[in-house]
>>> print(open('entry29.cif').read())   # mmCIF, C-alpha atoms
data_upload
#
loop_
_atom_site.label_atom_id
_atom_site.label_comp_id
_atom_site.auth_asym_id
_atom_site.auth_seq_id
_atom_site.Cartn_x
_atom_site.Cartn_y
_atom_site.Cartn_z
CA MET A 291 80.52 116.15 71.28
CA SER A 292 81.61 116.47 67.67
CA ASP A 293 84.08 119.32 68.20
CA GLY A 294 85.94 117.35 70.85
CA LEU A 295 85.30 119.92 73.55
CA VAL A 296 84.11 118.76 76.92
CA PHE A 297 81.58 120.83 78.81
CA ILE A 298 83.21 121.51 82.12
CA SER A 299 81.30 124.44 83.57
CA ARG A 300 79.11 123.50 86.52
CA LYS A 301 77.60 127.00 86.53
CA ASP A 302 74.04 125.77 85.98
CA ALA A 303 74.40 122.41 87.64
CA MET A 304 73.43 123.42 91.17
CA SER A 305 69.77 123.35 92.16
CA ALA A 306 68.40 125.62 94.87
CA GLN A 307 68.31 122.73 97.34
CA GLN A 308 71.91 121.74 96.80
CA HIS A 309 74.89 122.90 98.79
CA TRP A 310 78.08 123.62 96.84
CA SER A 311 79.75 120.89 98.91
CA ASP A 312 77.55 118.22 97.30
CA ILE A 313 78.76 119.12 93.83
CA VAL A 314 82.40 119.57 94.83
CA PHE A 315 82.27 116.15 96.46
CA GLN A 316 80.85 114.58 93.27
CA LEU A 317 83.52 116.37 91.22
CA ALA A 318 86.24 114.97 93.42
CA LEU A 319 84.90 111.44 92.95
CA GLU A 320 84.52 111.89 89.19
CA GLN A 321 88.10 113.09 88.95
CA GLY A 322 89.38 110.05 90.80
CA ILE A 323 90.40 111.78 94.03
CA THR A 324 90.61 109.20 96.80
CA ASN A 325 92.63 111.02 99.46
CA VAL A 326 91.15 114.02 101.27
CA SER A 327 92.98 115.69 104.13
CA PHE A 328 91.90 118.66 106.17
CA VAL A 329 92.13 120.94 109.12
CA PRO A 330 88.46 121.70 109.81
CA ASP A 331 86.56 124.92 109.27
CA ALA A 332 82.87 125.55 109.85
CA GLY A 333 82.42 126.37 106.17
CA LEU A 334 84.01 123.07 105.19
CA SER A 335 82.04 120.90 107.60
CA PRO A 336 79.42 119.68 105.05
CA LEU A 337 82.17 118.65 102.61
CA ILE A 338 84.21 117.01 105.38
CA LYS A 339 81.12 115.04 106.46
CA LEU A 340 80.54 113.80 102.90
CA CYS A 341 84.16 112.66 102.69
CA GLU A 342 84.08 110.99 106.08
CA GLU A 343 80.93 109.07 105.16
CA SER A 344 82.25 107.96 101.77
CA SER A 345 83.72 104.50 101.29
CA GLN A 346 85.63 105.79 98.25
CA ILE A 347 87.55 108.48 100.12
CA ASN A 348 90.39 107.95 102.56
CA VAL A 349 90.25 110.82 105.03
CA VAL A 350 93.42 112.04 106.76
CA ARG A 351 92.95 114.29 109.76
CA LEU A 352 95.78 116.83 110.07
CA THR A 353 97.12 118.84 112.97
CA SER A 354 98.47 121.57 110.69
CA GLU A 355 97.72 122.40 107.07
CA ASP A 356 101.32 122.01 105.89
CA GLU A 357 101.04 118.29 106.68
CA GLY A 358 98.44 118.01 103.94
CA VAL A 359 100.83 119.44 101.35
CA SER A 360 103.61 116.94 102.01
CA LEU A 361 101.01 114.17 102.38
CA ALA A 362 99.77 114.96 98.86
CA LEU A 363 103.31 114.72 97.52
CA GLY A 364 103.64 111.23 98.96
CA SER A 365 100.18 110.26 97.71
CA TRP A 366 101.04 111.33 94.17
CA LEU A 367 104.30 109.38 94.29
CA GLY A 368 102.13 106.38 95.11
CA GLY A 369 99.63 107.08 92.33
CA VAL A 370 96.84 108.59 94.43
CA LYS A 371 95.08 111.91 93.82
CA SER A 372 94.55 114.20 96.79
CA LEU A 373 92.37 117.13 97.75
CA LEU A 374 93.33 119.42 100.66
CA LEU A 375 90.76 121.42 102.63
CA MET A 376 91.63 124.30 104.94
CA GLN A 377 90.66 127.68 106.27
CA SER A 378 92.57 130.67 104.87
CA SER A 379 94.46 131.13 108.14
CA GLY A 380 96.14 127.79 107.42
CA VAL A 381 97.58 128.94 104.11
CA GLY A 382 100.41 130.68 105.94
CA ASN A 383 101.37 127.39 107.56
CA CYS A 384 101.82 125.80 104.12
CA ILE A 385 104.25 128.21 102.49
CA ASN A 386 107.50 126.26 102.67
CA MET A 387 105.87 122.91 101.85
CA LEU A 388 104.28 124.42 98.74
CA SER A 389 107.79 124.88 97.37
CA MET A 390 108.00 121.08 97.02
CA LEU A 391 104.86 120.93 94.86
CA ASN A 392 106.27 123.66 92.66
CA THR A 393 109.71 122.08 92.27
CA CYS A 394 108.48 118.53 91.77
CA GLN A 395 105.40 119.47 89.68
CA ILE A 396 102.95 117.76 91.97
CA PRO A 397 99.22 118.23 91.32
CA LEU A 398 97.13 119.33 94.30
CA PRO A 399 93.77 121.09 94.30
CA MET A 400 92.89 122.87 97.54
CA ILE A 401 89.59 124.26 98.78
CA VAL A 402 90.25 127.24 101.06
CA THR A 403 87.40 128.79 103.01
CA MET A 404 88.01 132.44 103.82
CA ARG A 405 88.28 134.28 107.10
CA GLY A 406 89.41 137.87 107.45
CA ASP A 407 87.27 138.76 104.47
CA TRP A 408 83.77 140.17 103.88
CA GLY A 409 81.98 140.92 107.17
CA GLU A 410 84.79 139.69 109.45
CA PHE A 411 84.33 140.41 113.16
CA ASN A 412 87.77 139.36 114.42
CA PRO A 413 90.57 141.79 113.55
CA TRP A 414 93.22 139.09 114.20
CA GLN A 415 91.89 137.12 111.24
CA VAL A 416 92.20 139.95 108.72
CA PRO A 417 95.94 140.06 107.93
CA MET A 418 96.19 136.40 106.93
CA GLY A 419 92.81 136.52 105.22
CA GLN A 420 93.85 139.49 103.10
CA GLY A 421 97.25 137.92 102.47
CA THR A 422 95.92 134.51 101.44
CA GLU A 423 95.61 135.04 97.69
CA GLY A 424 98.98 136.79 97.42
CA VAL A 425 100.79 134.14 99.46
CA LEU A 426 99.36 131.36 97.31
CA ARG A 427 100.23 133.13 94.06
CA GLU A 428 103.76 133.90 95.28
CA MET A 429 104.26 130.18 95.89
CA GLY A 430 103.10 129.26 92.41
CA VAL A 431 99.55 128.21 93.24
CA THR A 432 96.89 129.09 90.66
CA VAL A 433 93.97 130.75 92.44
CA PHE A 434 90.26 130.86 91.61
CA LYS A 435 87.90 132.97 93.71
CA ALA A 436 84.24 132.20 94.36
CA GLN A 437 82.15 135.03 95.77
CA LYS A 438 78.78 133.37 95.21
CA SER A 439 77.66 129.90 96.18
CA GLU A 440 76.96 128.85 92.58
CA GLU A 441 80.48 129.88 91.55
CA VAL A 442 82.12 127.33 93.86
CA PRO A 443 81.44 124.20 91.75
CA GLU A 444 82.69 125.74 88.49
CA CYS A 445 85.79 127.10 90.23
CA ALA A 446 86.37 123.72 91.83
CA GLU A 447 85.98 121.83 88.58
CA GLY A 448 88.42 124.13 86.80
CA ALA A 449 90.86 123.97 89.70
CA ILE A 450 90.76 120.17 89.96
CA ARG A 451 91.15 119.68 86.20
CA LEU A 452 93.94 122.24 85.93
CA ALA A 453 95.82 120.66 88.83
CA PHE A 454 95.84 117.11 87.46
CA ASN A 455 96.10 118.01 83.78
CA THR A 456 99.05 120.36 84.25
CA PHE A 457 100.76 119.04 87.41
CA ARG A 458 100.44 122.04 89.66
CA ALA A 459 98.85 123.27 92.86
CA THR A 460 95.56 125.13 92.55
CA ALA A 461 93.26 126.71 95.11
CA VAL A 462 89.62 127.73 95.22
CA LEU A 463 89.06 130.55 97.67
CA VAL A 464 85.51 130.35 98.96
CA GLY A 465 84.66 133.87 100.12
CA GLN A 466 82.90 134.80 103.33
CA ARG A 467 80.03 136.16 101.23
CA VAL A 468 79.38 132.51 100.35
CA LEU A 469 79.96 131.15 103.83
CA GLY A 470 78.50 133.94 105.94
CA ALA A 471 80.52 135.81 108.54
CA LYS A 472 80.93 134.27 111.98
CA PRO A 473 78.48 136.23 114.15
CA PHE A 474 80.00 136.40 117.70
CA GLY A 475 76.54 137.38 118.96
CA LYS A 476 76.38 140.68 117.03
CA MET B 204 129.74 101.67 123.71
CA ALA B 205 130.57 101.65 120.02
CA VAL B 206 129.57 104.81 118.19
CA ILE B 207 127.13 104.06 115.38
CA LYS B 208 128.02 105.50 111.99
CA ARG B 209 124.96 106.75 110.12
CA ARG B 210 126.17 105.55 106.72
CA GLU B 211 126.62 102.04 108.06
CA VAL B 212 123.10 102.06 109.55
CA VAL B 213 121.55 103.12 106.26
CA ARG B 214 123.61 100.64 104.27
CA GLN B 215 122.38 97.85 106.56
CA LEU B 216 118.75 98.95 106.36
CA LEU B 217 118.77 99.22 102.56
CA LYS B 218 120.66 95.99 101.91
CA ASP B 219 118.56 93.62 99.73
CA ARG B 220 115.80 96.22 99.85
CA GLU B 221 113.79 94.73 96.94
CA ASP B 222 110.70 96.94 96.47
CA LEU B 223 111.06 98.95 99.68
CA LEU B 224 109.97 102.58 99.08
CA VAL B 225 112.32 105.07 100.73
CA VAL B 226 111.80 108.72 101.61
CA ALA B 227 114.80 110.63 103.00
CA GLY B 228 114.66 113.93 104.86
CA LEU B 229 116.70 116.81 103.53
CA GLY B 230 120.41 117.09 104.27
CA ALA B 231 122.50 114.23 105.60
CA PRO B 232 119.77 111.53 105.42
CA ALA B 233 119.37 112.26 101.69
CA TRP B 234 123.13 111.90 101.22
CA ASP B 235 123.13 108.73 103.37
CA VAL B 236 120.51 106.91 101.29
CA THR B 237 122.34 107.94 98.13
CA ALA B 238 125.66 106.70 99.50
CA ALA B 239 123.99 103.30 99.89
CA GLY B 240 123.28 103.42 96.14
CA ASP B 241 121.14 105.82 94.11
CA HIS B 242 117.83 104.04 93.53
CA VAL B 243 114.69 104.90 91.55
CA LEU B 244 112.54 104.00 94.57
CA ASN B 245 114.30 106.60 96.71
CA PHE B 246 112.69 109.97 97.15
CA PRO B 247 115.38 112.14 98.76
CA LEU B 248 114.07 115.56 99.73
CA TRP B 249 116.07 118.71 99.02
CA GLY B 250 113.60 120.99 100.79
CA GLY B 251 110.35 120.96 102.75
CA MET B 252 112.06 120.60 106.12
CA GLY B 253 109.63 118.92 108.52
CA GLY B 254 107.72 117.20 105.72
CA ALA B 255 109.50 113.87 105.28
CA ILE B 256 107.24 111.88 107.60
CA MET B 257 104.09 113.14 105.90
CA VAL B 258 105.49 112.32 102.47
CA GLY B 259 106.03 108.83 103.83
CA LEU B 260 102.49 108.67 105.21
CA GLY B 261 101.01 109.72 101.86
CA LEU B 262 103.03 107.05 100.11
CA ALA B 263 102.18 104.37 102.68
CA LEU B 264 98.45 105.07 102.42
CA ALA B 265 98.63 105.07 98.62
CA GLN B 266 100.58 101.79 98.46
CA PRO B 267 99.27 99.59 101.28
CA ASP B 268 100.93 96.48 99.81
CA LYS B 269 104.42 98.02 99.83
CA LYS B 270 106.66 98.81 102.75
CA VAL B 271 107.63 102.45 103.20
CA LEU B 272 110.70 103.61 105.10
CA VAL B 273 111.29 107.23 106.08
CA ILE B 274 114.87 107.98 107.04
CA THR B 275 115.32 111.41 108.51
CA GLY B 276 117.29 113.41 111.03
CA ASP B 277 116.43 114.78 114.46
CA GLY B 278 116.35 118.40 113.27
CA GLU B 279 114.06 117.61 110.36
CA LEU B 280 111.74 115.55 112.52
CA LEU B 281 111.57 118.17 115.26
CA MET B 282 110.33 120.73 112.74
CA GLY B 283 107.37 118.48 111.94
CA LEU B 284 106.95 116.81 115.32
CA ASN B 285 103.17 117.10 115.07
CA SER B 286 103.27 114.67 112.15
CA LEU B 287 103.94 111.84 114.62
CA ALA B 288 100.44 112.48 115.99
CA THR B 289 98.91 112.51 112.52
CA VAL B 290 100.72 109.32 111.48
CA ALA B 291 99.72 107.49 114.66
CA VAL B 292 96.08 108.47 114.14
CA ALA B 293 96.17 107.31 110.50
CA ASN B 294 97.95 104.18 111.75
CA PRO B 295 99.22 102.58 108.52
CA ASP B 296 100.78 99.15 109.06
CA ASN B 297 103.38 99.54 106.31
CA LEU B 298 105.35 102.58 107.50
CA SER B 299 108.61 102.79 109.43
CA ILE B 300 110.17 106.02 110.58
CA VAL B 301 113.87 105.91 111.38
CA VAL B 302 115.52 108.96 112.90
CA LEU B 303 119.28 109.23 112.66
CA ASP B 304 119.74 111.30 115.80
CA ASN B 305 123.12 113.05 115.96
CA GLU B 306 121.76 115.74 118.34
CA VAL B 307 122.99 118.55 116.06
CA TYR B 308 122.05 120.51 112.96
CA GLY B 309 124.85 118.98 110.91
CA GLU B 310 124.46 121.13 107.80
CA THR B 311 124.60 124.49 109.54
CA GLY B 312 127.50 124.31 111.97
CA LYS B 313 126.52 121.59 114.42
CA GLN B 314 124.31 123.68 116.65
CA MET B 315 122.50 121.53 119.23
CA THR B 316 118.99 120.22 118.56
CA HIS B 317 116.38 119.63 121.23
CA THR B 318 117.38 115.95 121.47
CA ALA B 319 120.70 117.10 122.94
CA LEU B 320 118.73 119.07 125.51
CA GLY B 321 116.40 116.43 126.91
CA VAL B 322 113.61 115.95 124.38
CA ASP B 323 112.74 112.25 124.20
CA LEU B 324 111.58 111.31 120.72
CA VAL B 325 110.74 107.70 121.58
CA ALA B 326 108.48 108.83 124.43
CA THR B 327 106.93 111.44 122.14
CA ALA B 328 106.11 108.81 119.53
CA LYS B 329 104.71 106.52 122.23
CA GLY B 330 102.61 109.36 123.58
CA CYS B 331 101.24 109.95 120.11
CA GLY B 332 100.19 106.31 119.86
CA PHE B 333 103.12 104.40 118.32
CA SER B 334 103.05 101.10 120.17
CA ASN B 335 106.33 100.07 118.57
CA SER B 336 108.70 102.93 119.39
CA PHE B 337 112.28 102.25 120.48
CA ILE B 338 115.82 103.56 120.64
CA ILE B 339 118.87 101.87 119.16
CA LEU B 340 122.27 102.35 120.71
CA ASP B 341 124.25 99.50 119.18
CA PHE B 342 124.61 97.51 115.99
CA VAL B 343 123.14 94.33 117.47
CA ALA B 344 119.75 96.00 117.80
CA LEU B 345 119.93 97.10 114.19
CA GLU B 346 118.94 93.66 112.93
CA THR B 347 115.75 93.88 115.02
CA LEU B 348 114.97 97.17 113.31
CA ARG B 349 115.62 95.71 109.87
CA GLU B 350 113.11 92.98 110.57
CA ALA B 351 110.57 95.49 111.87
CA VAL B 352 110.97 97.61 108.71
CA LEU B 353 110.37 94.65 106.41
CA ASN B 354 107.41 93.23 108.35
CA PRO B 355 103.91 94.63 108.89
CA GLY B 356 103.50 97.30 111.54
CA LEU B 357 103.94 100.97 112.26
CA VAL B 358 107.45 101.57 113.58
CA PHE B 359 109.34 104.48 115.13
CA ALA B 360 113.06 104.02 115.76
CA GLN B 361 115.53 106.56 117.05
CA ILE B 362 119.18 105.68 116.41
CA LYS B 363 121.86 107.61 118.22
CA VAL B 364 124.60 108.21 115.65
CA ASP B 365 128.06 109.71 115.50
CA PRO B 366 127.73 113.47 114.85
CA SER B 367 130.72 113.62 112.52
CA SER B 368 129.97 114.53 108.91
CA ASP B 369 130.49 112.21 105.96
CA ASP B 370 131.42 112.97 102.37
CA LEU B 371 128.67 114.53 100.30
CA VAL B 372 127.03 111.92 98.07
CA LEU B 373 124.36 113.87 96.27
CA PRO B 374 121.24 112.43 94.61
CA PRO B 375 119.75 114.10 91.51
CA ARG B 376 118.27 117.44 92.57
CA ASP B 377 115.67 117.87 89.84
CA GLY B 378 112.46 117.25 91.79
CA ALA B 379 110.42 116.46 88.69
CA LEU B 380 112.98 113.83 87.65
CA LEU B 381 112.99 112.25 91.12
CA LYS B 382 109.20 112.15 91.08
CA ASN B 383 108.85 110.78 87.56
CA ARG B 384 111.42 108.05 87.86
CA PHE B 385 109.94 106.96 91.20
CA ARG B 386 106.39 106.87 89.78
CA GLU B 387 107.46 105.07 86.65
CA ALA B 388 109.31 102.39 88.62
CA LEU B 389 106.37 101.95 91.00
CA LEU B 390 103.36 102.47 88.73
CA GLY B 391 104.70 101.68 85.26
CA PRO B 392 105.19 103.96 82.25
CA LYS B 393 101.44 104.43 81.80
CA CYS B 394 101.46 106.66 84.87
CA HIS B 395 102.72 109.47 82.65
CA LEU B 396 99.62 109.27 80.48
CA LEU B 397 96.82 108.76 82.97
CA ASN B 398 95.62 111.61 85.10
#
>>> encode(input="entry29.cif", output="C-alpha cells")
Amino acid sequence: MSDGLVFISRKDAMSAQQHWSDIVFQLALEQGITNVSFVPDAGLSPLIKLCEESSQINVVRLTSEDEGVSLALGSWLGGVKSLLLMQSSGVGNCINMLSMLNTCQIPLPMIVTMRGDWGEFNPWQVPMGQGTEGVLREMGVTVFKAQKSEEVPECAEGAIRLAFNTFRATAVLVGQRVLGAKPFGK
Amino acid sequence: MAVIKRREVVRQLLKDREDLLVVAGLGAPAWDVTAAGDHVLNFPLWGGMGGAIMVGLGLALAQPDKKVLVITGDGELLMGLNSLATVAVANPDNLSIVVLDNEVYGETGKQMTHTALGVDLVATAKGCGFSNSFIILDFVALETLREAVLNPGLVFAQIKVDPSSDDLVLPPRDGALLKNRFREALLGPKCHLLN
C-alpha cells in the first residue's frame, strides 16, 4: 500500500458460514500469540477448541481468571505473547493482578464473553456483568464492545494490535446479543 | 535445631546462579533476593499478591531451556494457593517454587498465617500433583534443594525460616524498568523493537 497504511478492519472478512472464533483464532496466530489461557465459558468453547487443537498454541488451563493475568506477565518477560479468555464474571477476580500489567506496561489482549447482559435469566449474574466494563476501565484496560457477531473480529484485531503495539491490557467484550442468552428452559 | 535465616537461604540458592531466572513474591522475598545482589534476571514483585507462582509459570513455559526459580513467602502463596494446581497440571520441568515459611505476615505486624495453624503446604502441593514436594528444616538439606533447582524437574520446597525481620534491601520499584532490563538481558536489545 503506497500510503503506508495497513488495512486492519476485519469488518467484511467474515462469511456467513464462519464463526467469529475462527477469525479471532487466525488473528491470534497472525499476531504471533502462542500462549492462550482460559477459564471456560460456553460462548468461548469454539475458540478454546481451536486453541486446544492447534500445535502452534500452548494452552494453559486456569482455576481462576487472575492466574491468567500474572501468567501473561511471566510469558511477556520470557518473550511470549499471550491471550486470555474469560467470562465477564471472572473480570472481578482479576482486579488486583491487572495493576501489575498497568505498572509494568505489559501487553495482554483479553476476550471476555458477557453474562448479566442482554436477555440474562440469572439475577446473580447481573451486578458483575453490568460492572465489567467499568471495572476494566478503572484498572487501565482499554475496552472494545462487540454487540454483533461480525463486530467481534474487528474489535479483536484492534484490541490485539493496540495491546502489543502500545504495551497495555485490552479487552473485547462479546455481548450476549452475539452469544445468545442461556435459556434455563424458558 | 538451628533456626534457618531466610537471607542465608536465598544467598545459598542464588550463589553462582548463572542464567537462572528468578521471580520473587512481594515483601520480604523481594528484599531477600535483592540482598543477595540486585540482578537483571530478577523480577521482584511489588504488588500482585498471590501472583508470583503464575508469573514463574508464564516465564518457565516461555523459556523451556532456562531454569526458573520462584521465591515467595507463605502469606503470598496462600493467597494464590490454587496456582499450585494450575502449575502441576501445566507440569513444566524447569520450574522450582521455594516458600520461605515464617508462619507470619511479616510486613503487617506478624499476624499468624495459616501455616502456623496447621495448613500443610507440602501435602497441598503433593495433592495437586507435585511429585517432588518437600520441607526443609536445616541447612544440610539446602544443598539438595540447590541441586533440584538447577536440574530438570518441577519442584516445591517449603523452608521453615526464622520469623525475625531483616534490614530492608529494596530493588528498583519501577515496574517498566524491571521488565525491560529483564527482557533485554534474556532476549537481547532487539526485544524492544519487535512486537
>>> closest_residue(input="entry29.cif", among="B:Lys329, B:Lys393, B:Arg376, B:Lys363", to="Leu345 (chain B)", atoms="only C-alpha atoms")
B:Lys363
>>> interface_residues(input="entry29.cif", of="chain B", to="chain A", cutoff="8 Å", atoms="only C-alpha atoms", output="ChimeraX atom specification")
/B:250-252,254-255,257-266,285-286,288-289,292-293,377-382,385-386,389-390,394,398
>>> residues_around(input="entry29.cif", residues="Val358 (chain B)", least_positions_apart="3", cutoff="8 Å", atoms="all atoms listed in the file", output="PDB file with C-alpha atoms, in the coordinates of the input")
ATOM      1  CA  LEU B 298     105.350 102.580 107.500  1.00  0.00           C
ATOM      2  CA  SER B 299     108.610 102.790 109.430  1.00  0.00           C
ATOM      3  CA  ILE B 300     110.170 106.020 110.580  1.00  0.00           C
ATOM      4  CA  PHE B 333     103.120 104.400 118.320  1.00  0.00           C
ATOM      5  CA  SER B 334     103.050 101.100 120.170  1.00  0.00           C
ATOM      6  CA  ASN B 335     106.330 100.070 118.570  1.00  0.00           C
ATOM      7  CA  SER B 336     108.700 102.930 119.390  1.00  0.00           C
ATOM      8  CA  ALA B 351     110.570  95.490 111.870  1.00  0.00           C
ATOM      9  CA  VAL B 352     110.970  97.610 108.710  1.00  0.00           C
TER      10      VAL B 352
END
>>> atom_distance(input="entry29.cif", atom1="CA of Ala239 (chain B)", atom2="CA of Gly391 (chain B)")
24.3 Å
>>> atom_distance(input="entry29.cif", atom1="CA of Val243 (chain B)", atom2="CA of Thr275 (chain B)")
18.2 Å
>>> residues_near_point(input="entry29.cif", point="(115.9, 116.7, 104.3)", cutoff="10 Å", atoms="all atoms listed in the file", output="ChimeraX atom specification")
/B:226-234,247-255,274-276,278-280
>>> resolve_selection(input="entry29.cif", expression="the PyMOL selection byres ((chain A and resi 403) around 6)", output="NGL selection string")
:A and (377-378 or 402 or 404 or 463-464)
>>> resolve_selection(input="entry29.cif", expression="the PyMOL selection byres ((chain A and resi 466) around 10)", output="list in words")
Gly333, Thr403, Met404, Arg405, Gly406, Asp407, Trp408, Gly409, Glu410, Ala436, Gln437, Lys438, Leu463, Val464, Gly465, Arg467, Val468, Leu469, Gly470, Ala471 and Lys472 of chain A
>>> resolve_selection(input="entry29.cif", expression="the PyMOL selection byres ((chain B and resi 308) around 12)", output="number ranges by chain")
B: 229-232, 276-282, 303-307, 309-319, 366-368
>>> closest_residue(input="entry29.cif", among="A:Phe474, A:Glu428, A:Trp310, A:Arg458", to="Asn412 (chain A)", atoms="all atoms listed in the file")
A:Phe474
>>> closest_residue(input="entry29.cif", among="A:Thr460, A:Met400, A:Val416, A:Pro330", to="Gly430 (chain A)", atoms="all atoms listed in the file")
A:Thr460
